[in-house]
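*Asks:* I am sharing target-v6.pdb, which consists of PDB, C-alpha atoms (C1' of nucleotides):
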ATOM      1  CA  MET A  28       0.000   0.000   0.000  1.00  0.00           C
ATOM      2  CA  ASP A  29       1.499   3.306  -1.079  1.00  0.00           C
ATOM      3  CA  ASP A  30       1.755   6.427   1.042  1.00  0.00           C
ATOM      4  CA  ARG A  31      -1.050   8.247  -0.668  1.00  0.00           C
ATOM      5  CA  ARG A  32      -3.530   5.435  -0.161  1.00  0.00           C
ATOM      6  CA  PHE A  33      -2.372   4.903   3.397  1.00  0.00           C
ATOM      7  CA  GLN A  34      -2.999   8.535   4.273  1.00  0.00           C
ATOM      8  CA  LYS A  35      -6.340   8.616   2.497  1.00  0.00           C
ATOM      9  CA  VAL A  36      -7.553   5.667   4.545  1.00  0.00           C
ATOM     10  CA  ALA A  37      -6.318   7.222   7.781  1.00  0.00           C
ATOM     11  CA  LYS A  38      -8.120  10.461   6.999  1.00  0.00           C
ATOM     12  CA  ALA A  39     -11.273   8.680   5.933  1.00  0.00           C
ATOM     13  CA  LEU A  40     -11.437   6.853   9.251  1.00  0.00           C
ATOM     14  CA  ALA A  41     -10.675   9.957  11.313  1.00  0.00           C
ATOM     15  CA  ASP A  42     -13.959  11.779  10.950  1.00  0.00           C
ATOM     16  CA  PRO A  43     -16.465  10.475  13.514  1.00  0.00           C
ATOM     17  CA  ARG A  44     -19.554  10.748  11.339  1.00  0.00           C
ATOM     18  CA  ARG A  45     -17.813   9.211   8.374  1.00  0.00           C
ATOM     19  CA  PHE A  46     -16.642   6.297  10.448  1.00  0.00           C
ATOM     20  CA  GLU A  47     -20.171   5.774  11.752  1.00  0.00           C
ATOM     21  CA  ILE A  48     -21.444   5.593   8.200  1.00  0.00           C
ATOM     22  CA  PHE A  49     -18.701   3.159   7.271  1.00  0.00           C
ATOM     23  CA  GLN A  50     -19.443   1.037  10.313  1.00  0.00           C
ATOM     24  CA  LYS A  51     -23.154   1.020   9.517  1.00  0.00           C
ATOM     25  CA  ILE A  52     -22.507  -0.295   6.020  1.00  0.00           C
ATOM     26  CA  ALA A  53     -19.969  -2.790   7.340  1.00  0.00           C
ATOM     27  CA  THR A  54     -22.399  -4.291   9.809  1.00  0.00           C
ATOM     28  CA  THR A  55     -25.676  -4.162   7.915  1.00  0.00           C
ATOM     29  CA  PRO A  56     -27.102  -7.666   7.431  1.00  0.00           C
ATOM     30  CA  ALA A  57     -27.523  -7.216   3.684  1.00  0.00           C
ATOM     31  CA  ASP A  58     -23.849  -6.208   3.357  1.00  0.00           C
ATOM     32  CA  GLU A  59     -24.857  -3.193   1.316  1.00  0.00           C
ATOM     33  CA  MET A  60     -26.880  -0.021   1.669  1.00  0.00           C
ATOM     34  CA  CYS A  61     -28.097   2.687  -0.647  1.00  0.00           C
ATOM     35  CA  CYS A  62     -27.645   6.393   0.031  1.00  0.00           C
ATOM     36  CA  GLY A  63     -31.230   6.934   1.084  1.00  0.00           C
ATOM     37  CA  ALA A  64     -31.117   4.180   3.673  1.00  0.00           C
ATOM     38  CA  ILE A  65     -27.958   5.697   5.141  1.00  0.00           C
ATOM     39  CA  CYS A  66     -29.530   9.151   5.253  1.00  0.00           C
ATOM     40  CA  GLU A  67     -32.322   7.754   7.399  1.00  0.00           C
ATOM     41  CA  GLU A  68     -29.790   6.617   9.982  1.00  0.00           C
ATOM     42  CA  PHE A  69     -28.011   9.895  10.569  1.00  0.00           C
ATOM     43  CA  PRO A  70     -29.069  13.503  11.183  1.00  0.00           C
ATOM     44  CA  VAL A  71     -27.163  14.906   8.232  1.00  0.00           C
ATOM     45  CA  SER A  72     -28.177  16.036   4.775  1.00  0.00           C
ATOM     46  CA  GLN A  73     -28.140  13.769   1.757  1.00  0.00           C
ATOM     47  CA  ALA A  74     -25.357  15.910   0.302  1.00  0.00           C
ATOM     48  CA  THR A  75     -23.175  15.246   3.321  1.00  0.00           C
ATOM     49  CA  VAL A  76     -23.765  11.508   3.167  1.00  0.00           C
ATOM     50  CA  SER A  77     -22.935  11.528  -0.523  1.00  0.00           C
ATOM     51  CA  HIS A  78     -19.737  13.429   0.235  1.00  0.00           C
ATOM     52  CA  HIS A  79     -18.663  10.899   2.866  1.00  0.00           C
ATOM     53  CA  LEU A  80     -19.410   7.994   0.547  1.00  0.00           C
ATOM     54  CA  LYS A  81     -17.188   9.617  -2.047  1.00  0.00           C
ATOM     55  CA  GLU A  82     -14.318  10.045   0.404  1.00  0.00           C
ATOM     56  CA  LEU A  83     -14.615   6.455   1.601  1.00  0.00           C
ATOM     57  CA  THR A  84     -14.674   5.239  -1.976  1.00  0.00           C
ATOM     58  CA  GLU A  85     -11.616   7.261  -2.953  1.00  0.00           C
ATOM     59  CA  ALA A  86      -9.852   5.723   0.017  1.00  0.00           C
ATOM     60  CA  GLY A  87     -10.729   2.308  -1.380  1.00  0.00           C
ATOM     61  CA  LEU A  88     -12.842   1.423   1.629  1.00  0.00           C
ATOM     62  CA  LEU A  89     -16.165   1.233  -0.218  1.00  0.00           C
ATOM     63  CA  GLU A  90     -17.403  -0.157  -3.491  1.00  0.00           C
ATOM     64  CA  SER A  91     -20.724   0.431  -5.211  1.00  0.00           C
ATOM     65  CA  ARG A  92     -23.030  -1.086  -7.743  1.00  0.00           C
ATOM     66  CA  SER A  93     -25.842   0.698  -9.514  1.00  0.00           C
ATOM     67  CA  GLU A  94     -29.339  -0.677  -9.850  1.00  0.00           C
ATOM     68  CA  GLY A  95     -31.783   1.611 -11.570  1.00  0.00           C
ATOM     69  CA  GLN A  96     -31.994   4.852  -9.637  1.00  0.00           C
ATOM     70  CA  PHE A  97     -30.286   3.287  -6.677  1.00  0.00           C
ATOM     71  CA  LYS A  98     -26.664   2.851  -5.841  1.00  0.00           C
ATOM     72  CA  TYR A  99     -25.658   0.188  -3.345  1.00  0.00           C
ATOM     73  CA  TRP A 100     -22.546   0.616  -1.224  1.00  0.00           C
ATOM     74  CA  SER A 101     -20.570  -2.159   0.375  1.00  0.00           C
ATOM     75  CA  VAL A 102     -17.292  -2.506   2.249  1.00  0.00           C
ATOM     76  CA  ASN A 103     -14.071  -3.466   0.531  1.00  0.00           C
ATOM     77  CA  ALA A 104     -12.668  -5.476   3.418  1.00  0.00           C
ATOM     78  CA  GLY A 105      -9.392  -6.012   1.608  1.00  0.00           C
ATOM     79  CA  THR A 106      -8.446  -2.377   1.934  1.00  0.00           C
ATOM     80  CA  MET A 107      -9.113  -2.378   5.660  1.00  0.00           C
ATOM     81  CA  ASN A 108      -7.014  -5.477   6.137  1.00  0.00           C
ATOM     82  CA  GLU A 109      -4.233  -3.973   4.075  1.00  0.00           C
ATOM     83  CA  TYR A 110      -4.396  -0.808   6.111  1.00  0.00           C
ATOM     84  CA  ILE A 111      -4.129  -2.725   9.363  1.00  0.00           C
ATOM     85  CA  ALA A 112      -1.236  -4.771   8.025  1.00  0.00           C
ATOM     86  CA  GLU A 113       0.424  -1.556   6.896  1.00  0.00           C
ATOM     87  CA  LEU A 114       0.061  -0.031  10.348  1.00  0.00           C
ATOM     88  CA  GLN A 115       1.677  -3.099  11.880  1.00  0.00           C
ATOM     89  CA  ASN A 116       4.485  -3.097   9.363  1.00  0.00           C
ATOM     90  CA  ARG A 117       5.263   0.608   9.481  1.00  0.00           C
ATOM     91  CA  LEU A 118       5.241   0.661  13.249  1.00  0.00           C
ATOM     92  CA  GLN A 119       6.961  -2.711  13.580  1.00  0.00           C
ATOM     93  CA  LEU A 120       4.309  -3.869  16.006  1.00  0.00           C
ATOM     94  CA  PRO A 121       4.972  -7.277  17.478  1.00  0.00           C
ATOM     95  CA  LYS A 122       2.079  -9.470  16.348  1.00  0.00           C
ATOM     96  CA  ALA A 123      -0.441  -9.270  19.129  1.00  0.00           C
ATOM     97  CA  LYS A 124      -2.713 -12.077  20.168  1.00  0.00           C
ATOM     98  CA  SER A 125      -6.138 -11.379  18.688  1.00  0.00           C
ATOM     99  CA  ARG A 126      -8.687 -10.679  21.379  1.00  0.00           C
ATOM    100  CA  LYS A 127     -12.103 -12.257  21.366  1.00  0.00           C
TER     101      LYS A 127
ATOM    102  CA  MET B  19     -11.739   1.194  24.221  1.00  0.00           C
ATOM    103  CA  ASP B  20     -14.303   3.961  24.510  1.00  0.00           C
ATOM    104  CA  ASP B  21     -15.496   6.159  21.677  1.00  0.00           C
ATOM    105  CA  ARG B  22     -13.520   9.196  22.753  1.00  0.00           C
ATOM    106  CA  ARG B  23     -10.229   7.322  22.855  1.00  0.00           C
ATOM    107  CA  PHE B  24     -10.999   5.554  19.601  1.00  0.00           C
ATOM    108  CA  GLN B  25     -11.591   8.841  17.815  1.00  0.00           C
ATOM    109  CA  LYS B  26      -8.554  10.480  19.361  1.00  0.00           C
ATOM    110  CA  VAL B  27      -6.325   7.680  18.080  1.00  0.00           C
ATOM    111  CA  ALA B  28      -7.868   7.865  14.615  1.00  0.00           C
ATOM    112  CA  LYS B  29      -7.300  11.601  14.464  1.00  0.00           C
ATOM    113  CA  ALA B  30      -3.766  11.309  15.810  1.00  0.00           C
ATOM    114  CA  LEU B  31      -2.871   8.866  13.053  1.00  0.00           C
ATOM    115  CA  ALA B  32      -4.551  10.894  10.313  1.00  0.00           C
ATOM    116  CA  ASP B  33      -2.073  13.740  10.046  1.00  0.00           C
ATOM    117  CA  PRO B  34       0.829  12.734   7.770  1.00  0.00           C
ATOM    118  CA  ARG B  35       3.556  14.571   9.654  1.00  0.00           C
ATOM    119  CA  ARG B  36       2.303  13.342  12.989  1.00  0.00           C
ATOM    120  CA  PHE B  37       2.269   9.768  11.793  1.00  0.00           C
ATOM    121  CA  GLU B  38       5.816  10.135  10.477  1.00  0.00           C
ATOM    122  CA  ILE B  39       6.940  11.301  13.893  1.00  0.00           C
ATOM    123  CA  PHE B  40       5.125   8.423  15.538  1.00  0.00           C
ATOM    124  CA  GLN B  41       6.665   5.967  13.113  1.00  0.00           C
ATOM    125  CA  LYS B  42      10.124   7.391  13.689  1.00  0.00           C
ATOM    126  CA  ILE B  43       9.817   6.867  17.429  1.00  0.00           C
ATOM    127  CA  ALA B  44       8.309   3.415  16.923  1.00  0.00           C
ATOM    128  CA  THR B  45      11.197   2.226  14.798  1.00  0.00           C
ATOM    129  CA  THR B  46      14.170   3.927  16.424  1.00  0.00           C
ATOM    130  CA  PRO B  47      16.660   1.345  17.710  1.00  0.00           C
ATOM    131  CA  ALA B  48      16.779   2.845  21.192  1.00  0.00           C
ATOM    132  CA  ASP B  49      12.961   2.609  21.430  1.00  0.00           C
ATOM    133  CA  GLU B  50      12.814   6.220  22.589  1.00  0.00           C
ATOM    134  CA  MET B  51      13.678   9.687  21.324  1.00  0.00           C
ATOM    135  CA  CYS B  52      13.829  13.140  22.817  1.00  0.00           C
ATOM    136  CA  CYS B  53      12.199  16.176  21.245  1.00  0.00           C
ATOM    137  CA  GLY B  54      15.442  17.601  19.905  1.00  0.00           C
ATOM    138  CA  ALA B  55      16.342  14.398  18.097  1.00  0.00           C
ATOM    139  CA  ILE B  56      12.917  14.343  16.473  1.00  0.00           C
ATOM    140  CA  CYS B  57      13.247  17.979  15.412  1.00  0.00           C
ATOM    141  CA  GLU B  58      16.431  17.104  13.551  1.00  0.00           C
ATOM    142  CA  GLU B  59      14.532  14.552  11.466  1.00  0.00           C
ATOM    143  CA  PHE B  60      11.763  16.789  10.173  1.00  0.00           C
ATOM    144  CA  PRO B  61      11.574  20.249   8.614  1.00  0.00           C
ATOM    145  CA  VAL B  62       9.174  21.643  11.183  1.00  0.00           C
ATOM    146  CA  SER B  63       9.618  23.906  14.154  1.00  0.00           C
ATOM    147  CA  GLN B  64      10.244  22.639  17.652  1.00  0.00           C
ATOM    148  CA  ALA B  65       6.856  24.018  18.662  1.00  0.00           C
ATOM    149  CA  THR B  66       5.140  21.891  16.062  1.00  0.00           C
ATOM    150  CA  VAL B  67       6.952  18.739  17.134  1.00  0.00           C
ATOM    151  CA  SER B  68       6.033  19.429  20.725  1.00  0.00           C
ATOM    152  CA  HIS B  69       2.419  19.876  19.682  1.00  0.00           C
ATOM    153  CA  HIS B  70       2.332  16.553  17.846  1.00  0.00           C
ATOM    154  CA  LEU B  71       3.937  14.762  20.782  1.00  0.00           C
ATOM    155  CA  LYS B  72       1.200  16.155  22.985  1.00  0.00           C
ATOM    156  CA  GLU B  73      -1.551  14.964  20.665  1.00  0.00           C
ATOM    157  CA  LEU B  74      -0.038  11.501  20.381  1.00  0.00           C
ATOM    158  CA  THR B  75       0.297  11.325  24.155  1.00  0.00           C
ATOM    159  CA  GLU B  76      -3.303  12.402  24.741  1.00  0.00           C
ATOM    160  CA  ALA B  77      -4.344   9.657  22.342  1.00  0.00           C
ATOM    161  CA  GLY B  78      -2.452   7.197  24.519  1.00  0.00           C
ATOM    162  CA  LEU B  79      -0.029   6.335  21.726  1.00  0.00           C
ATOM    163  CA  LEU B  80       3.099   7.726  23.391  1.00  0.00           C
ATOM    164  CA  GLU B  81       4.606   7.714  26.850  1.00  0.00           C
ATOM    165  CA  SER B  82       7.493   9.788  28.185  1.00  0.00           C
ATOM    166  CA  ARG B  83      10.068   9.842  30.890  1.00  0.00           C
ATOM    167  CA  SER B  84      12.073  12.851  32.014  1.00  0.00           C
ATOM    168  CA  GLU B  85      15.800  12.846  32.475  1.00  0.00           C
ATOM    169  CA  GLY B  86      17.267  16.175  33.426  1.00  0.00           C
ATOM    170  CA  GLN B  87      16.480  18.690  30.731  1.00  0.00           C
ATOM    171  CA  PHE B  88      15.483  15.942  28.364  1.00  0.00           C
ATOM    172  CA  LYS B  89      12.237  14.117  27.870  1.00  0.00           C
ATOM    173  CA  TYR B  90      12.276  10.744  26.169  1.00  0.00           C
ATOM    174  CA  TRP B  91       9.284   9.567  24.200  1.00  0.00           C
ATOM    175  CA  SER B  92       8.390   5.976  23.451  1.00  0.00           C
ATOM    176  CA  VAL B  93       5.485   4.102  21.908  1.00  0.00           C
ATOM    177  CA  ASN B  94       2.711   2.587  23.954  1.00  0.00           C
ATOM    178  CA  ALA B  95       2.158  -0.450  21.737  1.00  0.00           C
ATOM    179  CA  GLY B  96      -0.820  -1.550  23.802  1.00  0.00           C
ATOM    180  CA  THR B  97      -2.907   1.354  22.598  1.00  0.00           C
ATOM    181  CA  MET B  98      -2.128   0.629  18.957  1.00  0.00           C
ATOM    182  CA  ASN B  99      -3.061  -3.019  19.387  1.00  0.00           C
ATOM    183  CA  GLU B 100      -6.274  -2.034  21.129  1.00  0.00           C
ATOM    184  CA  TYR B 101      -7.074   0.365  18.332  1.00  0.00           C
ATOM    185  CA  ILE B 102      -6.550  -2.294  15.699  1.00  0.00           C
ATOM    186  CA  ALA B 103      -8.658  -4.777  17.640  1.00  0.00           C
ATOM    187  CA  GLU B 104     -11.341  -2.128  17.981  1.00  0.00           C
ATOM    188  CA  LEU B 105     -11.358  -1.500  14.245  1.00  0.00           C
ATOM    189  CA  GLN B 106     -11.780  -5.214  13.610  1.00  0.00           C
ATOM    190  CA  ASN B 107     -14.545  -5.492  16.166  1.00  0.00           C
ATOM    191  CA  ARG B 108     -16.504  -2.429  15.144  1.00  0.00           C
ATOM    192  CA  LEU B 109     -16.322  -3.336  11.480  1.00  0.00           C
ATOM    193  CA  GLN B 110     -16.802  -7.045  12.090  1.00  0.00           C
ATOM    194  CA  LEU B 111     -13.816  -7.830   9.937  1.00  0.00           C
ATOM    195  CA  PRO B 112     -13.221 -11.515   9.421  1.00  0.00           C
ATOM    196  CA  LYS B 113      -9.849 -12.232  10.981  1.00  0.00           C
ATOM    197  CA  ALA B 114      -7.368 -11.921   8.139  1.00  0.00           C
ATOM    198  CA  LYS B 115      -4.261 -13.982   7.784  1.00  0.00           C
ATOM    199  CA  SER B 116      -1.340 -11.856   8.920  1.00  0.00           C
ATOM    200  CA  ARG B 117       0.989 -11.090   6.056  1.00  0.00           C
ATOM    201  CA  LYS B 118       4.724 -11.460   6.288  1.00  0.00           C
TER     202      LYS B 118
ATOM    203  C1'  DA C   8     -42.854  13.663 -22.916  1.00  0.00           C
ATOM    204  C1'  DA C   9     -43.535  14.996 -18.122  1.00  0.00           C
ATOM    205  C1'  DG C  10     -43.363  14.515 -13.422  1.00  0.00           C
ATOM    206  C1'  DG C  11     -41.214  11.913  -9.576  1.00  0.00           C
ATOM    207  C1'  DT C  12     -37.504   9.914  -6.992  1.00  0.00           C
ATOM    208  C1'  DG C  13     -32.515   8.879  -5.805  1.00  0.00           C
ATOM    209  C1'  DA C  14     -27.966  10.488  -5.921  1.00  0.00           C
ATOM    210  C1'  DA C  15     -24.144  13.749  -7.300  1.00  0.00           C
ATOM    211  C1'  DT C  16     -22.376  18.312  -7.651  1.00  0.00           C
ATOM    212  C1'  DA C  17     -21.692  23.302  -6.958  1.00  0.00           C
ATOM    213  C1'  DG C  18     -20.980  27.043  -4.078  1.00  0.00           C
ATOM    214  C1'  DA C  19     -20.900  29.156   0.541  1.00  0.00           C
ATOM    215  C1'  DT C  20     -19.821  29.145   5.372  1.00  0.00           C
ATOM    216  C1'  DG C  21     -18.042  28.230   9.849  1.00  0.00           C
ATOM    217  C1'  DT C  22     -14.915  25.527  12.452  1.00  0.00           C
ATOM    218  C1'  DC C  23     -10.943  22.931  13.342  1.00  0.00           C
ATOM    219  C1'  DC C  24      -6.103  22.550  13.354  1.00  0.00           C
ATOM    220  C1'  DA C  25      -1.112  22.370  11.582  1.00  0.00           C
ATOM    221  C1'  DT C  26       2.177  25.569  11.691  1.00  0.00           C
ATOM    222  C1'  DC C  27       4.991  29.332  13.086  1.00  0.00           C
ATOM    223  C1'  DA C  28       7.539  33.071  15.930  1.00  0.00           C
ATOM    224  C1'  DA C  29       7.881  34.510  20.363  1.00  0.00           C
ATOM    225  C1'  DT C  30       7.918  33.649  25.009  1.00  0.00           C
ATOM    226  C1'  DA C  31       7.864  30.993  29.246  1.00  0.00           C
ATOM    227  C1'  DT C  32       9.487  27.258  32.080  1.00  0.00           C
ATOM    228  C1'  DA C  33      12.786  23.948  33.600  1.00  0.00           C
ATOM    229  C1'  DT C  34      17.323  22.165  34.109  1.00  0.00           C
ATOM    230  C1'  DC C  35      22.153  22.206  33.683  1.00  0.00           C
ATOM    231  C1'  DT C  36      26.808  24.392  34.015  1.00  0.00           C
ATOM    232  C1'  DA C  37      30.313  27.620  34.978  1.00  0.00           C
TER     233       DA C  37
ATOM    234  C1'  DT D  16      23.763  33.625  40.126  1.00  0.00           C
ATOM    235  C1'  DA D  17      23.977  34.074  35.140  1.00  0.00           C
ATOM    236  C1'  DG D  18      23.931  32.137  30.846  1.00  0.00           C
ATOM    237  C1'  DA D  19      22.974  28.093  28.023  1.00  0.00           C
ATOM    238  C1'  DT D  20      20.172  24.378  26.471  1.00  0.00           C
ATOM    239  C1'  DA D  21      15.707  21.526  26.191  1.00  0.00           C
ATOM    240  C1'  DT D  22      10.960  21.569  26.083  1.00  0.00           C
ATOM    241  C1'  DA D  23       6.278  23.630  26.671  1.00  0.00           C
ATOM    242  C1'  DT D  24       2.999  27.183  25.909  1.00  0.00           C
ATOM    243  C1'  DT D  25       0.785  31.227  23.854  1.00  0.00           C
ATOM    244  C1'  DG D  26      -1.294  33.714  20.236  1.00  0.00           C
ATOM    245  C1'  DA D  27      -1.872  34.365  15.374  1.00  0.00           C
ATOM    246  C1'  DT D  28      -2.708  32.749  10.707  1.00  0.00           C
ATOM    247  C1'  DG D  29      -3.730  30.213   6.634  1.00  0.00           C
ATOM    248  C1'  DG D  30      -5.678  26.219   4.749  1.00  0.00           C
ATOM    249  C1'  DA D  31      -8.460  22.116   4.908  1.00  0.00           C
ATOM    250  C1'  DC D  32     -12.905  20.267   5.344  1.00  0.00           C
ATOM    251  C1'  DA D  33     -17.659  18.955   7.310  1.00  0.00           C
ATOM    252  C1'  DT D  34     -21.834  20.745   6.545  1.00  0.00           C
ATOM    253  C1'  DC D  35     -25.655  22.996   4.429  1.00  0.00           C
ATOM    254  C1'  DT D  36     -28.990  24.656   0.561  1.00  0.00           C
ATOM    255  C1'  DA D  37     -29.837  24.696  -4.074  1.00  0.00           C
ATOM    256  C1'  DT D  38     -29.282  22.694  -8.287  1.00  0.00           C
ATOM    257  C1'  DT D  39     -28.229  19.200 -11.666  1.00  0.00           C
ATOM    258  C1'  DC D  40     -28.149  14.619 -13.425  1.00  0.00           C
ATOM    259  C1'  DA D  41     -29.921   9.961 -14.056  1.00  0.00           C
ATOM    260  C1'  DC D  42     -33.477   6.762 -14.143  1.00  0.00           C
ATOM    261  C1'  DC D  43     -38.146   5.361 -13.541  1.00  0.00           C
ATOM    262  C1'  DT D  44     -43.256   5.503 -14.390  1.00  0.00           C
ATOM    263  C1'  DT D  45     -47.339   6.863 -16.399  1.00  0.00           C
TER     264       DT D  45
END
Translate this structure into structure tokens?

*Replies:*
Amino acid sequence: MDDRRFQKVAKALADPRRFEIFQKIATTPADEMCCGAICEEFPVSQATVSHHLKELTEAGLLESRSEGQFKYWSVNAGTMNEYIAELQNRLQLPKAKSRK
Amino acid sequence: MDDRRFQKVAKALADPRRFEIFQKIATTPADEMCCGAICEEFPVSQATVSHHLKELTEAGLLESRSEGQFKYWSVNAGTMNEYIAELQNRLQLPKAKSRK
DNA sequence: AAGGTGAATAGATGTCCATCAATATATCTA
DNA sequence: TAGATATATTGATGGACATCTATTCACCTT
């Protein structure tokens, strides 16, 4: 993972509302959500949600598929795993036992 | 890890210069660095370095010990591991194979 | 074709914060 | 005690960005 991507992911995760949106998509049973459904979950405008989805996508954390008028967003888990691995590598963290 | 701490860590890692400083401390052979030594590594003022050290400390990512005029900073690896575990938990990431 | 709905974009605004120079504080040394 | 060195703090500033409203774009339905 190159520097630019690494920093984009870090920034994308750093805004509280944006992380909440990401987490909501990550944990929704259907594994994907459309913009409208996300808007219902948070007290922010549709424009703001759309902006956050764009940032998360540019960071490689989200993917989308279009279906008619709708656009469905889902998590790209690979990027998150790469980011975590990159953190561990760059900081030379001894591999920690995973906690339950 | 509570929400406040989680967000503080995310923000602390999101600034490129601040992460570089953190990484430098994390990977220095002596496991600790003083402010002056860090200043020599980066083209920023001593005030800025001191500011970043404060932010990283408030996030729980750094610890320090004083020795005379000097203050030595080192990484609190526990916080980083907790942060990573928290990411995996909150996003329900399937445990990925660790890469070499 | 026309109206309706979902999402993206444009432009404006207020806030946060990285950065700096200057100063203060603390410790050491002569 | 006086100067020197190391770090912290203060106050100011410029830029980044989260957020909004308004508008545009895309697709659907009748």

*Asks:* So what does the PyMOL selection byres ((chain B) within 10 of (chain C)) actually pick up in this one, as a list in words?

*Replies:*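 So the PyMOL selection byres ((chain B) within 10 of (chain C)), applied here, picks out Asp33, Arg35, Arg36, Val62, Ser63, Gln64, Ala65, Thr66, Val67, His69, His70, Glu85, Gly86, Gln87 and Phe88 of chain B.
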
*Asks:* Measure the distance from atom CA of B:Glu81 to atom CA of B:Glu50 in Å and round it to one decimal.

*Replies:*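 It comes out at 9.4 Å.
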
*Asks:* Any idea which chain A residues end up within 12 Å of chain B if we count only C-alpha atoms, as a ChimeraX atom specification please?

*Replies:* /A:30-56,58,88,101-127

*Asks:* Interatomic distance between atom CA of A:Gly63 and atom CA of A:Ser77?

*Replies:*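 Interatomic distance, atom CA of A:Gly63 to atom CA of A:Ser77: 9.6 Å.
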
*Asks:* Quick one: apply the PyMOL selection byres ((chain D) within 12 of (chain A)) to the file and drop the selected residues here as a list in words.

*Replies:* DA31, DC32, DA33, DT34, DC35, DT36, DA37, DT38, DC40, DA41, DC42 and DC43 of chain D

*Asks:* Quick check, in Å to one decimal: how far apart do atom CA of A:Trp100 and atom C1' of D:DT39 lie?

*Replies:*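 That distance, rounded to one decimal, is 22.1 Å.
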